[in-house]
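For reference, the structure is listed below as structure tokens.
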There are 2 protein chains.
Amino acid sequence: MEITRLQNITFIGAGNVAFHLIRAFKSSGRDIVQVFTRSEKTANEISAEYHIDAITDISKLTLNAEVYVISVPDNAINKLLQELNVKDKFLVHTSGSLAMDILSGNSQNYGVFYPLQTFSRTRQLSIDDVPICIEAINKRYEKLLFDLAGSVSQDVRHLNSRERSIAHLAAVFASNFTNHMYSIAEEVLSKCDLPFDLLKPLIQETAAKVQDHIPHTAQTGPARRKDIDTIEKHLDILKSYPEFRNIYRRISEDIINRYKNTTRDDKL
Amino acid sequence: MEITRLQNITFIGAGNVAFHLIRAFKSSGRDIVQVFTRSEKTANEISAEYHIDAITDISKLTLNAEVYVISVPDNAINKLLQELNVKDKFLVHTSGSLAMDILSGNSQNYGVFYPLQTFSRTRQLSIDDVPICIEAINKRYEKLLFDLAGSVSQDVRHLNSRERSIAHLAAVFASNFTNHMYSIAEEVLSKCDLPFDLLKPLIQETAAKVQDHIPHTAQTGPARRKDIDTIEKHLDILKSYPEFRNIYRRISEDIINRYKNTTRDDKL
């Protein structure tokens, strides 16, 4: 009988993405059959907290789930695929940057389930509005993934492997690099023992602004105003931080170039 | 009689900061005596919208306000100060990066009122939680500024000129450069005609995370995981965008260096 719903799910990997998905799938009424993790400690946590069969020996993987979700770091997936035997069970990965086809050696039936969000173990997070980017080997599996994703998020999109890798790269700028800007800011403040909370409303507002405006129109600051005096002052303050100074200079140059033919009086 | 409250306020400059402050001061029951702007159009808008005496000729400035708030771009302030005559009236500026003393040629009584936020004309914004960084020539004026700032924000702090310039530099990283990361992300997405709204929940969550966690512990992504394969893939995608490629490389290197001695399995 052909399945119409991915009711029984097995996770291969138990990092932050897996944790958040397990929680969301359980809440939406799906069953988690097994979780494989190499860590005894994580396996014990999962057994204790979720009452799921958590295994550390991949040969104990059962074949009674309808979908096998691989959620391990990108650089651990090749080794994993060499050990993994799911016959031709439906196999998906959750990676932004890996092509769907890397799974083709392990199953004839495969796809991708990529939630575009930054996950930390310690944060409770509703994935209700998180875009889930899906891709599958054929329409039938695509439909099953749409159904699965739709049960945990309102925002399900089909992205092919090329599009997904672009989305992932964009996410690195919008999230990872942004967070690094916050880190640098924190370190700059610590020069004067100023607390990071001074910047929290600013950080919130900067993110809130681009929910309604395109980033290009929201740009403010010395580089946007071509205020060379202030830029020079900042480079001088940073003279004992050569890496921050280089980053400051390079981003400022890029902003100046990009807004070359416009003027503006917005102020930070 | 010595004043105990800065009830009557005149603005010199009518950019985004001035607009937000005028609105907040009026709501808190202060009176705006005059606004000086070089733009006829802005003067007309202010007269029409706020029923304030808006002047474009600086010689028409009256001396019946208790405080004169200069809110013009940093690179316009020197020219302005040459024209400005407020006798020894209390004079403040709203700049993050300019020292308080630049006002010393225009008055014996001066200070700084710097709201640490990014202001856009088109956004309604409560400044209730915006840190207001104040500084004044003496305790008496400091007290008056604390009172004024306290009537529009719950977060008033004393920062000296050195501290304020550091805070401003940190804000450039946390806000201006962050917004530029959003811009680059948008441009990367447009390579595949992917819409920017794909990144909005991610941007919100990245900013929300550092409200409770220090940025250092919230860092995720390929560079954080030292995932060189993914970094190389991204640099390859960016090969037709040399500036973005340079920025990507430099920030990734800085992240790798900064987290050299730690491991982590967080995943974007």
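We name chains A, B, ... following the order of the structure tokens; residues begin at 1 in each chain, and ligands are numbered from 1 as shown.
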*Residues near segment 120-122 of chain A, cut-off 9 Å, only C-alpha atoms, skip fewer than 2 positions along chain, as an MDAnalysis selection string*: (chainID A and resid 15:17 19:20 118 124:125) or (chainID B and resid 209 218 220 266:267)
For the residues in the current selection, export N, CA and C atoms as an mmCIF file, in the first residue's frame.
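The result, written out as result34.cif:
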data_model
loop_
_atom_site.group_PDB
_atom_site.id
_atom_site.type_symbol
_atom_site.label_atom_id
_atom_site.label_comp_id
_atom_site.auth_asym_id
_atom_site.auth_seq_id
_atom_site.Cartn_x
_atom_site.Cartn_y
_atom_site.Cartn_z
ATOM 1 N N GLY A 15 21.717 16.687 16.793
ATOM 2 C CA GLY A 15 22.219 18.030 17.101
ATOM 3 C C GLY A 15 21.052 18.983 17.343
ATOM 4 N N ASN A 16 21.331 20.271 17.228
ATOM 5 C CA ASN A 16 20.303 21.271 17.539
ATOM 6 C C ASN A 16 19.123 21.216 16.583
ATOM 7 N N VAL A 17 19.409 20.999 15.292
ATOM 8 C CA VAL A 17 18.325 20.944 14.318
ATOM 9 C C VAL A 17 17.412 19.766 14.649
ATOM 10 N N PHE A 19 16.962 18.208 17.481
ATOM 11 C CA PHE A 19 16.204 18.455 18.714
ATOM 12 C C PHE A 19 14.954 19.290 18.443
ATOM 13 N N HIS A 20 15.134 20.374 17.686
ATOM 14 C CA HIS A 20 13.988 21.242 17.427
ATOM 15 C C HIS A 20 12.953 20.552 16.546
ATOM 16 N N THR A 118 18.441 29.556 12.616
ATOM 17 C CA THR A 118 19.604 29.252 13.458
ATOM 18 C C THR A 118 19.096 28.630 14.759
ATOM 19 N N GLN A 124 14.167 27.865 23.367
ATOM 20 C CA GLN A 124 12.861 27.425 22.897
ATOM 21 C C GLN A 124 12.537 28.269 21.678
ATOM 22 N N LEU A 125 12.015 27.658 20.653
ATOM 23 C CA LEU A 125 11.802 28.397 19.421
ATOM 24 C C LEU A 125 10.612 27.784 18.699
ATOM 25 N N LYS B 209 18.248 36.214 19.856
ATOM 26 C CA LYS B 209 19.156 35.357 20.617
ATOM 27 C C LYS B 209 20.080 36.151 21.526
ATOM 28 N N ALA B 218 26.426 32.509 20.988
ATOM 29 C CA ALA B 218 25.350 32.305 20.013
ATOM 30 C C ALA B 218 25.874 32.054 18.602
ATOM 31 N N THR B 220 26.973 30.550 15.255
ATOM 32 C CA THR B 220 26.820 29.277 14.540
ATOM 33 C C THR B 220 27.379 29.457 13.122
ATOM 34 N N ASP B 266 26.646 23.172 16.751
ATOM 35 C CA ASP B 266 25.499 23.973 16.329
ATOM 36 C C ASP B 266 25.464 24.096 14.817
ATOM 37 N N LYS B 267 24.289 24.239 14.314
ATOM 38 C CA LYS B 267 24.141 24.206 12.869
ATOM 39 C C LYS B 267 23.225 25.330 12.412
#
*Distance query Pro131 of chain A at most 7 Å, only C-alpha atoms, self and fewer than 5 positions along chain excluded, as JSON, numbers by chain*: {"A": [115, 116, 155, 156, 157], "B": [198]}
Keeping all heavy atoms, export the residues of the selection given above as a PDB file, in the first residue's frame.
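Okay, selection18.pdb is ready:
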ATOM      1  N   PRO A 115      15.228  23.462   7.242  1.00  0.00           N
ATOM      2  CA  PRO A 115      14.590  24.582   7.929  1.00  0.00           C
ATOM      3  C   PRO A 115      15.564  25.751   7.991  1.00  0.00           C
ATOM      4  O   PRO A 115      16.664  25.613   8.524  1.00  0.00           O
ATOM      5  CB  PRO A 115      14.318  24.041   9.328  1.00  0.00           C
ATOM      6  CG  PRO A 115      15.237  22.876   9.509  1.00  0.00           C
ATOM      7  CD  PRO A 115      15.811  22.490   8.164  1.00  0.00           C
ATOM      8  N   LEU A 116      15.177  26.890   7.404  1.00  0.00           N
ATOM      9  CA  LEU A 116      16.108  28.014   7.324  1.00  0.00           C
ATOM     10  C   LEU A 116      16.018  28.846   8.614  1.00  0.00           C
ATOM     11  O   LEU A 116      15.276  29.821   8.707  1.00  0.00           O
ATOM     12  CB  LEU A 116      15.789  28.852   6.092  1.00  0.00           C
ATOM     13  CG  LEU A 116      16.966  29.611   5.484  1.00  0.00           C
ATOM     14  CD1 LEU A 116      16.606  30.145   4.112  1.00  0.00           C
ATOM     15  CD2 LEU A 116      17.498  30.695   6.354  1.00  0.00           C
ATOM     16  N   ASP A 155       5.216  28.056   6.415  1.00  0.00           N
ATOM     17  CA  ASP A 155       5.990  28.565   5.289  1.00  0.00           C
ATOM     18  C   ASP A 155       6.826  27.443   4.676  1.00  0.00           C
ATOM     19  O   ASP A 155       7.967  27.218   5.068  1.00  0.00           O
ATOM     20  CB  ASP A 155       6.878  29.722   5.773  1.00  0.00           C
ATOM     21  CG  ASP A 155       7.604  30.428   4.628  1.00  0.00           C
ATOM     22  OD1 ASP A 155       7.531  29.939   3.491  1.00  0.00           O
ATOM     23  OD2 ASP A 155       8.245  31.459   4.887  1.00  0.00           O
ATOM     24  N   VAL A 156       6.245  26.721   3.730  1.00  0.00           N
ATOM     25  CA  VAL A 156       6.947  25.610   3.076  1.00  0.00           C
ATOM     26  C   VAL A 156       7.198  25.996   1.628  1.00  0.00           C
ATOM     27  O   VAL A 156       6.293  26.473   0.945  1.00  0.00           O
ATOM     28  CB  VAL A 156       6.122  24.308   3.141  1.00  0.00           C
ATOM     29  CG1 VAL A 156       6.928  23.137   2.587  1.00  0.00           C
ATOM     30  CG2 VAL A 156       5.667  24.028   4.567  1.00  0.00           C
ATOM     31  N   ARG A 157       8.432  25.827   1.173  1.00  0.00           N
ATOM     32  CA  ARG A 157       8.767  26.238  -0.195  1.00  0.00           C
ATOM     33  C   ARG A 157       9.557  25.143  -0.885  1.00  0.00           C
ATOM     34  O   ARG A 157      10.366  24.470  -0.250  1.00  0.00           O
ATOM     35  CB  ARG A 157       9.631  27.502  -0.182  1.00  0.00           C
ATOM     36  CG  ARG A 157       9.087  28.569   0.745  1.00  0.00           C
ATOM     37  CD  ARG A 157       9.887  29.839   0.602  1.00  0.00           C
ATOM     38  NE  ARG A 157       9.506  30.773   1.656  1.00  0.00           N
ATOM     39  CZ  ARG A 157       9.548  32.091   1.544  1.00  0.00           C
ATOM     40  NH1 ARG A 157       9.980  32.639   0.426  1.00  0.00           N
ATOM     41  NH2 ARG A 157       9.196  32.878   2.541  1.00  0.00           N
TER      42      ARG A 157
ATOM     43  N   LEU B 198      12.477  35.146   2.732  1.00  0.00           N
ATOM     44  CA  LEU B 198      12.993  33.844   3.159  1.00  0.00           C
ATOM     45  C   LEU B 198      13.873  33.982   4.406  1.00  0.00           C
ATOM     46  O   LEU B 198      13.977  33.052   5.209  1.00  0.00           O
ATOM     47  CB  LEU B 198      13.827  33.286   1.992  1.00  0.00           C
ATOM     48  CG  LEU B 198      14.164  31.822   1.889  1.00  0.00           C
ATOM     49  CD1 LEU B 198      12.928  30.952   1.936  1.00  0.00           C
ATOM     50  CD2 LEU B 198      14.934  31.534   0.590  1.00  0.00           C
TER      51      LEU B 198
END
*as a PyMOL selection string, list the residues of segment 65-223 of chain B assigned to strand (DSSP E or B) by DSSP on the backbone atoms of this structure.*
chain B and resi 67-70+90-93+110-115+119+132-136+156-158
*asked:* Please return, as a PyMOL selection string, all residues of segment 107-154 of chain B that DSSP assigns to helix (DSSP H, G or I) on the basis of the backbone.
replied: chain B and resi 139-150
Take the selection from the previous step and output its residues with all heavy atoms, as a compact mmCIF listing (two decimals), in the first residue's frame.
# COMPACT_ATOMS: atom_id res chain seq x y z
N LYS B 139 27.50 69.28 37.13
CA LYS B 139 26.48 68.43 37.78
C LYS B 139 25.08 69.00 37.60
O LYS B 139 24.11 68.25 37.46
CB LYS B 139 26.78 68.30 39.29
CG LYS B 139 27.93 67.37 39.59
CD LYS B 139 27.49 65.90 39.49
CE LYS B 139 28.72 64.99 39.40
NZ LYS B 139 28.42 63.67 38.84
N ARG B 140 24.99 70.32 37.63
CA ARG B 140 23.68 70.95 37.51
C ARG B 140 23.04 70.60 36.16
O ARG B 140 21.90 70.16 36.08
CB ARG B 140 23.85 72.47 37.66
CG ARG B 140 22.53 73.18 37.72
CD ARG B 140 22.70 74.69 37.77
NE ARG B 140 21.58 75.26 37.04
CZ ARG B 140 21.66 76.20 36.13
NH1 ARG B 140 22.83 76.74 35.83
NH2 ARG B 140 20.58 76.61 35.52
N TYR B 141 23.81 70.78 35.10
CA TYR B 141 23.27 70.47 33.78
C TYR B 141 23.11 68.97 33.55
O TYR B 141 22.20 68.52 32.85
CB TYR B 141 24.12 71.12 32.68
CG TYR B 141 23.81 72.60 32.56
CD1 TYR B 141 24.74 73.57 32.95
CD2 TYR B 141 22.58 73.03 32.08
CE1 TYR B 141 24.44 74.92 32.86
CE2 TYR B 141 22.27 74.37 31.99
CZ TYR B 141 23.20 75.32 32.38
OH TYR B 141 22.88 76.64 32.29
N GLU B 142 23.97 68.22 34.18
CA GLU B 142 23.84 66.76 34.10
C GLU B 142 22.48 66.34 34.68
O GLU B 142 21.77 65.52 34.10
CB GLU B 142 24.98 66.11 34.87
CG GLU B 142 25.18 64.64 34.57
CD GLU B 142 26.33 64.06 35.39
OE1 GLU B 142 27.48 64.53 35.24
OE2 GLU B 142 26.06 63.15 36.20
N LYS B 143 22.14 66.93 35.80
CA LYS B 143 20.87 66.62 36.46
C LYS B 143 19.68 67.00 35.56
O LYS B 143 18.71 66.24 35.43
CB LYS B 143 20.81 67.38 37.79
CG LYS B 143 19.86 66.79 38.81
CD LYS B 143 20.23 67.26 40.22
CE LYS B 143 19.01 67.11 41.14
NZ LYS B 143 18.09 68.26 41.08
N LEU B 144 19.79 68.17 34.94
CA LEU B 144 18.71 68.61 34.05
C LEU B 144 18.57 67.67 32.85
O LEU B 144 17.46 67.36 32.41
CB LEU B 144 18.97 70.05 33.57
CG LEU B 144 18.73 71.14 34.62
CD1 LEU B 144 19.33 72.47 34.17
CD2 LEU B 144 17.22 71.29 34.90
N LEU B 145 19.69 67.19 32.33
CA LEU B 145 19.63 66.26 31.19
C LEU B 145 19.08 64.90 31.62
O LEU B 145 18.32 64.27 30.88
CB LEU B 145 21.00 66.09 30.54
CG LEU B 145 21.47 67.20 29.60
CD1 LEU B 145 22.81 66.80 28.95
CD2 LEU B 145 20.44 67.50 28.51
N PHE B 146 19.47 64.45 32.80
CA PHE B 146 18.92 63.20 33.33
C PHE B 146 17.41 63.29 33.40
O PHE B 146 16.68 62.37 33.01
CB PHE B 146 19.49 62.88 34.73
CG PHE B 146 20.50 61.78 34.71
CD1 PHE B 146 21.87 62.05 34.80
CD2 PHE B 146 20.10 60.44 34.60
CE1 PHE B 146 22.81 61.02 34.77
CE2 PHE B 146 21.03 59.41 34.59
CZ PHE B 146 22.40 59.70 34.67
N ASP B 147 16.93 64.43 33.89
CA ASP B 147 15.49 64.63 34.01
C ASP B 147 14.82 64.63 32.63
O ASP B 147 13.81 63.96 32.41
CB ASP B 147 15.22 65.95 34.75
CG ASP B 147 13.75 66.34 34.70
OD1 ASP B 147 12.94 65.62 35.32
OD2 ASP B 147 13.42 67.33 34.03
N LEU B 148 15.42 65.36 31.69
CA LEU B 148 14.86 65.44 30.33
C LEU B 148 14.84 64.06 29.68
O LEU B 148 13.82 63.62 29.13
CB LEU B 148 15.70 66.42 29.49
CG LEU B 148 15.23 66.62 28.05
CD1 LEU B 148 13.86 67.30 27.99
CD2 LEU B 148 16.26 67.46 27.25
N ALA B 149 15.97 63.37 29.74
CA ALA B 149 16.07 62.05 29.11
C ALA B 149 15.13 61.05 29.80
O ALA B 149 14.47 60.25 29.13
CB ALA B 149 17.52 61.55 29.17
N GLY B 150 15.05 61.17 31.12
CA GLY B 150 14.21 60.26 31.89
C GLY B 150 12.73 60.41 31.58
O GLY B 150 11.94 59.50 31.83
*Neighbours of segment 171-186 of chain A within 9 Å (only C-alpha atoms; same-chain residues fewer than 2 positions away dropped), as a PyMOL selection string?*
(chain A and resi 116-118+166-169+188-190+194-196+199+203+244) or (chain B and resi 167+169-175+177-186+199+202-203+205-207+210+214-216+218-224+248+251-252+254-255+268)
_Residues near Asp236 of chain A, cut-off 12 Å, only C-alpha atoms, skip fewer than 2 positions along chain, as a list in words_ =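 Using only C-alpha atoms, the neighbours found are Asp229, Thr230, Ile231, Glu232, Lys233, His234, Leu238, Lys239, Ser240, Tyr241, Pro242, Phe244, Arg245, Asn246, Tyr248 and Arg249 of chain A; Ser165, Ile166 and Leu169 of chain B.
Reported to one decimal place, the separation of atom CA of Phe11 of chain B from atom CA of Ile32 of chain B is 7.7 Å.
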Do a neighbour search on Asp74 of chain A at 9 Å with only C-alpha atoms, toss out local chain neighbours closer than 3 positions, and write the hits as a JSON list (two decimals) with C-alpha atoms, in the first residue's frame.
[["chain", "number", "residue", "atom", "x", "y", "z"],
["A", 71, "SER", "CA", 20.71, 15.76, 10.65],
["A", 77, "ILE", "CA", 27.75, 13.20, 6.41],
["A", 78, "ASN", "CA", 30.05, 11.31, 4.04],
["A", 95, "SER", "CA", 21.51, 20.60, 5.10],
["A", 97, "SER", "CA", 24.54, 23.53, 1.38],
["A", 98, "LEU", "CA", 24.58, 19.87, 0.36],
["B", 222, "PRO", "CA", 30.35, 26.98, 8.72],
["B", 227, "ASP", "CA", 33.72, 23.51, 7.88],
["B", 229, "ASP", "CA", 34.38, 22.45, 2.43],
["B", 230, "THR", "CA", 31.29, 24.60, 2.83]]
_Env of Ala14 of chain B: 10 Å cut, atoms = only C-alpha atoms, seq-sep filter 4 positions within chain, self excluded. Answer as a VMD selection string._
(chain A and resid 265) or (chain B and resid 18 to 22 35 to 39 42 to 43 46 54 70 to 72)
Can you spit out the residues from that selection as a tab-separated table (two decimals), in the first residue's frame, using all heavy atoms?
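Output file selection-v4.tsv is given in full below:
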chain	number	residue	atom	x	y	z
A	265	ASP	N	20.34	61.82	4.75
A	265	ASP	CA	20.69	62.46	6.03
A	265	ASP	C	20.35	61.59	7.24
A	265	ASP	O	20.34	62.07	8.35
A	265	ASP	CB	20.00	63.81	6.14
A	265	ASP	CG	18.51	63.68	6.28
A	265	ASP	OD1	17.99	62.57	6.03
A	265	ASP	OD2	17.87	64.66	6.65
B	18	ALA	N	16.09	64.31	15.18
B	18	ALA	CA	15.27	65.43	15.65
B	18	ALA	C	13.79	65.09	15.59
B	18	ALA	O	13.05	65.33	16.55
B	18	ALA	CB	15.57	66.68	14.81
B	19	PHE	N	13.34	64.52	14.48
B	19	PHE	CA	11.92	64.18	14.35
B	19	PHE	C	11.45	63.26	15.48
B	19	PHE	O	10.39	63.47	16.07
B	19	PHE	CB	11.65	63.50	13.00
B	19	PHE	CG	11.03	64.42	12.01
B	19	PHE	CD1	11.82	65.23	11.20
B	19	PHE	CD2	9.65	64.54	11.91
B	19	PHE	CE1	11.25	66.11	10.29
B	19	PHE	CE2	9.07	65.42	11.00
B	19	PHE	CZ	9.87	66.20	10.19
B	20	HIS	N	12.25	62.23	15.76
B	20	HIS	CA	11.84	61.29	16.80
B	20	HIS	C	11.88	61.95	18.18
B	20	HIS	O	11.00	61.71	19.01
B	20	HIS	CB	12.71	60.03	16.75
B	20	HIS	CG	12.30	59.08	15.67
B	20	HIS	ND1	12.75	59.19	14.37
B	20	HIS	CD2	11.44	58.04	15.67
B	20	HIS	CE1	12.20	58.23	13.63
B	20	HIS	NE2	11.40	57.53	14.40
B	21	LEU	N	12.88	62.77	18.41
B	21	LEU	CA	12.97	63.43	19.72
B	21	LEU	C	11.85	64.46	19.90
B	21	LEU	O	11.26	64.56	20.97
B	21	LEU	CB	14.34	64.09	19.91
B	21	LEU	CG	15.52	63.13	20.07
B	21	LEU	CD1	16.82	63.92	20.28
B	21	LEU	CD2	15.30	62.16	21.24
B	22	ILE	N	11.58	65.21	18.85
B	22	ILE	CA	10.50	66.21	18.94
B	22	ILE	C	9.19	65.52	19.33
B	22	ILE	O	8.48	65.94	20.24
B	22	ILE	CB	10.35	66.98	17.60
B	22	ILE	CG1	11.53	67.94	17.42
B	22	ILE	CG2	9.01	67.73	17.54
B	22	ILE	CD1	11.61	68.58	16.03
B	35	VAL	N	12.21	75.25	15.60
B	35	VAL	CA	13.07	74.28	14.92
B	35	VAL	C	13.75	75.02	13.78
B	35	VAL	O	13.08	75.66	12.96
B	35	VAL	CB	12.28	73.08	14.37
B	35	VAL	CG1	13.19	72.15	13.57
B	35	VAL	CG2	11.59	72.31	15.49
B	36	PHE	N	15.07	74.95	13.75
B	36	PHE	CA	15.80	75.52	12.62
B	36	PHE	C	16.17	74.40	11.66
B	36	PHE	O	16.69	73.36	12.05
B	36	PHE	CB	17.08	76.22	13.09
B	36	PHE	CG	18.04	76.48	11.96
B	36	PHE	CD1	17.77	77.47	11.01
B	36	PHE	CD2	19.20	75.72	11.82
B	36	PHE	CE1	18.64	77.69	9.95
B	36	PHE	CE2	20.08	75.94	10.75
B	36	PHE	CZ	19.79	76.93	9.82
B	37	THR	N	15.88	74.62	10.37
B	37	THR	CA	16.32	73.69	9.32
B	37	THR	C	16.67	74.52	8.09
B	37	THR	O	16.07	75.57	7.85
B	37	THR	CB	15.24	72.64	8.98
B	37	THR	OG1	15.58	72.00	7.75
B	37	THR	CG2	13.86	73.27	8.82
B	38	ARG	N	17.64	74.05	7.32
B	38	ARG	CA	17.99	74.79	6.11
B	38	ARG	C	16.99	74.50	4.98
B	38	ARG	O	17.03	75.16	3.94
B	38	ARG	CB	19.40	74.42	5.65
B	38	ARG	CG	20.47	74.81	6.66
B	38	ARG	CD	21.87	74.73	6.08
B	38	ARG	NE	22.88	74.68	7.14
B	38	ARG	CZ	23.41	75.77	7.72
B	38	ARG	NH1	23.04	76.98	7.35
B	38	ARG	NH2	24.31	75.64	8.68
B	39	SER	N	16.16	73.48	5.17
B	39	SER	CA	15.26	73.08	4.10
B	39	SER	C	13.88	73.71	4.26
B	39	SER	O	13.18	73.50	5.26
B	39	SER	CB	15.14	71.54	4.11
B	39	SER	OG	13.90	71.13	3.59
B	42	THR	N	11.20	71.00	4.63
B	42	THR	CA	11.09	70.43	5.98
B	42	THR	C	10.44	71.43	6.93
B	42	THR	O	9.60	71.06	7.76
B	42	THR	CB	12.49	70.03	6.49
B	42	THR	OG1	13.10	69.18	5.52
B	42	THR	CG2	12.42	69.30	7.81
B	43	ALA	N	10.83	72.70	6.81
B	43	ALA	CA	10.24	73.73	7.67
B	43	ALA	C	8.72	73.76	7.50
B	43	ALA	O	7.97	73.81	8.49
B	43	ALA	CB	10.84	75.10	7.35
B	46	ILE	N	7.13	70.76	9.21
B	46	ILE	CA	7.12	70.88	10.68
B	46	ILE	C	6.03	71.85	11.14
B	46	ILE	O	5.30	71.57	12.10
B	46	ILE	CB	8.50	71.32	11.19
B	46	ILE	CG1	9.50	70.16	10.98
B	46	ILE	CG2	8.45	71.71	12.67
B	46	ILE	CD1	10.95	70.56	11.17
B	54	ALA	N	8.92	77.00	12.68
B	54	ALA	CA	10.07	76.42	11.97
B	54	ALA	C	10.75	77.51	11.15
B	54	ALA	O	10.11	78.16	10.32
B	54	ALA	CB	9.61	75.27	11.08
B	70	ILE	N	21.28	70.53	19.14
B	70	ILE	CA	21.82	70.46	17.78
B	70	ILE	C	21.72	69.03	17.28
B	70	ILE	O	22.27	68.11	17.88
B	70	ILE	CB	23.29	70.89	17.74
B	70	ILE	CG1	23.44	72.33	18.23
B	70	ILE	CG2	23.87	70.72	16.32
B	70	ILE	CD1	24.89	72.79	18.26
B	71	SER	N	21.00	68.84	16.19
B	71	SER	CA	20.85	67.49	15.64
B	71	SER	C	21.02	67.56	14.14
B	71	SER	O	20.06	67.58	13.37
B	71	SER	CB	19.47	66.97	16.04
B	71	SER	OG	19.34	65.63	15.65
B	72	VAL	N	22.29	67.67	13.74
B	72	VAL	CA	22.63	67.73	12.31
B	72	VAL	C	23.70	66.67	12.06
B	72	VAL	O	24.31	66.17	13.00
B	72	VAL	CB	23.18	69.13	11.92
B	72	VAL	CG1	22.12	70.21	12.17
B	72	VAL	CG2	24.47	69.47	12.64
*Which of A:Ala76, A:Ile12, A:Ile102, A:Ala136 sits closest to Lys60 of chain A [using only C-alpha atoms]*: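 Closest candidate: A:Ile12.
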*Tell me, in Å to one decimal, how far atom CA of Arg250 of chain A is from atom CA of Thr217 of chain A.*
20.3 Å
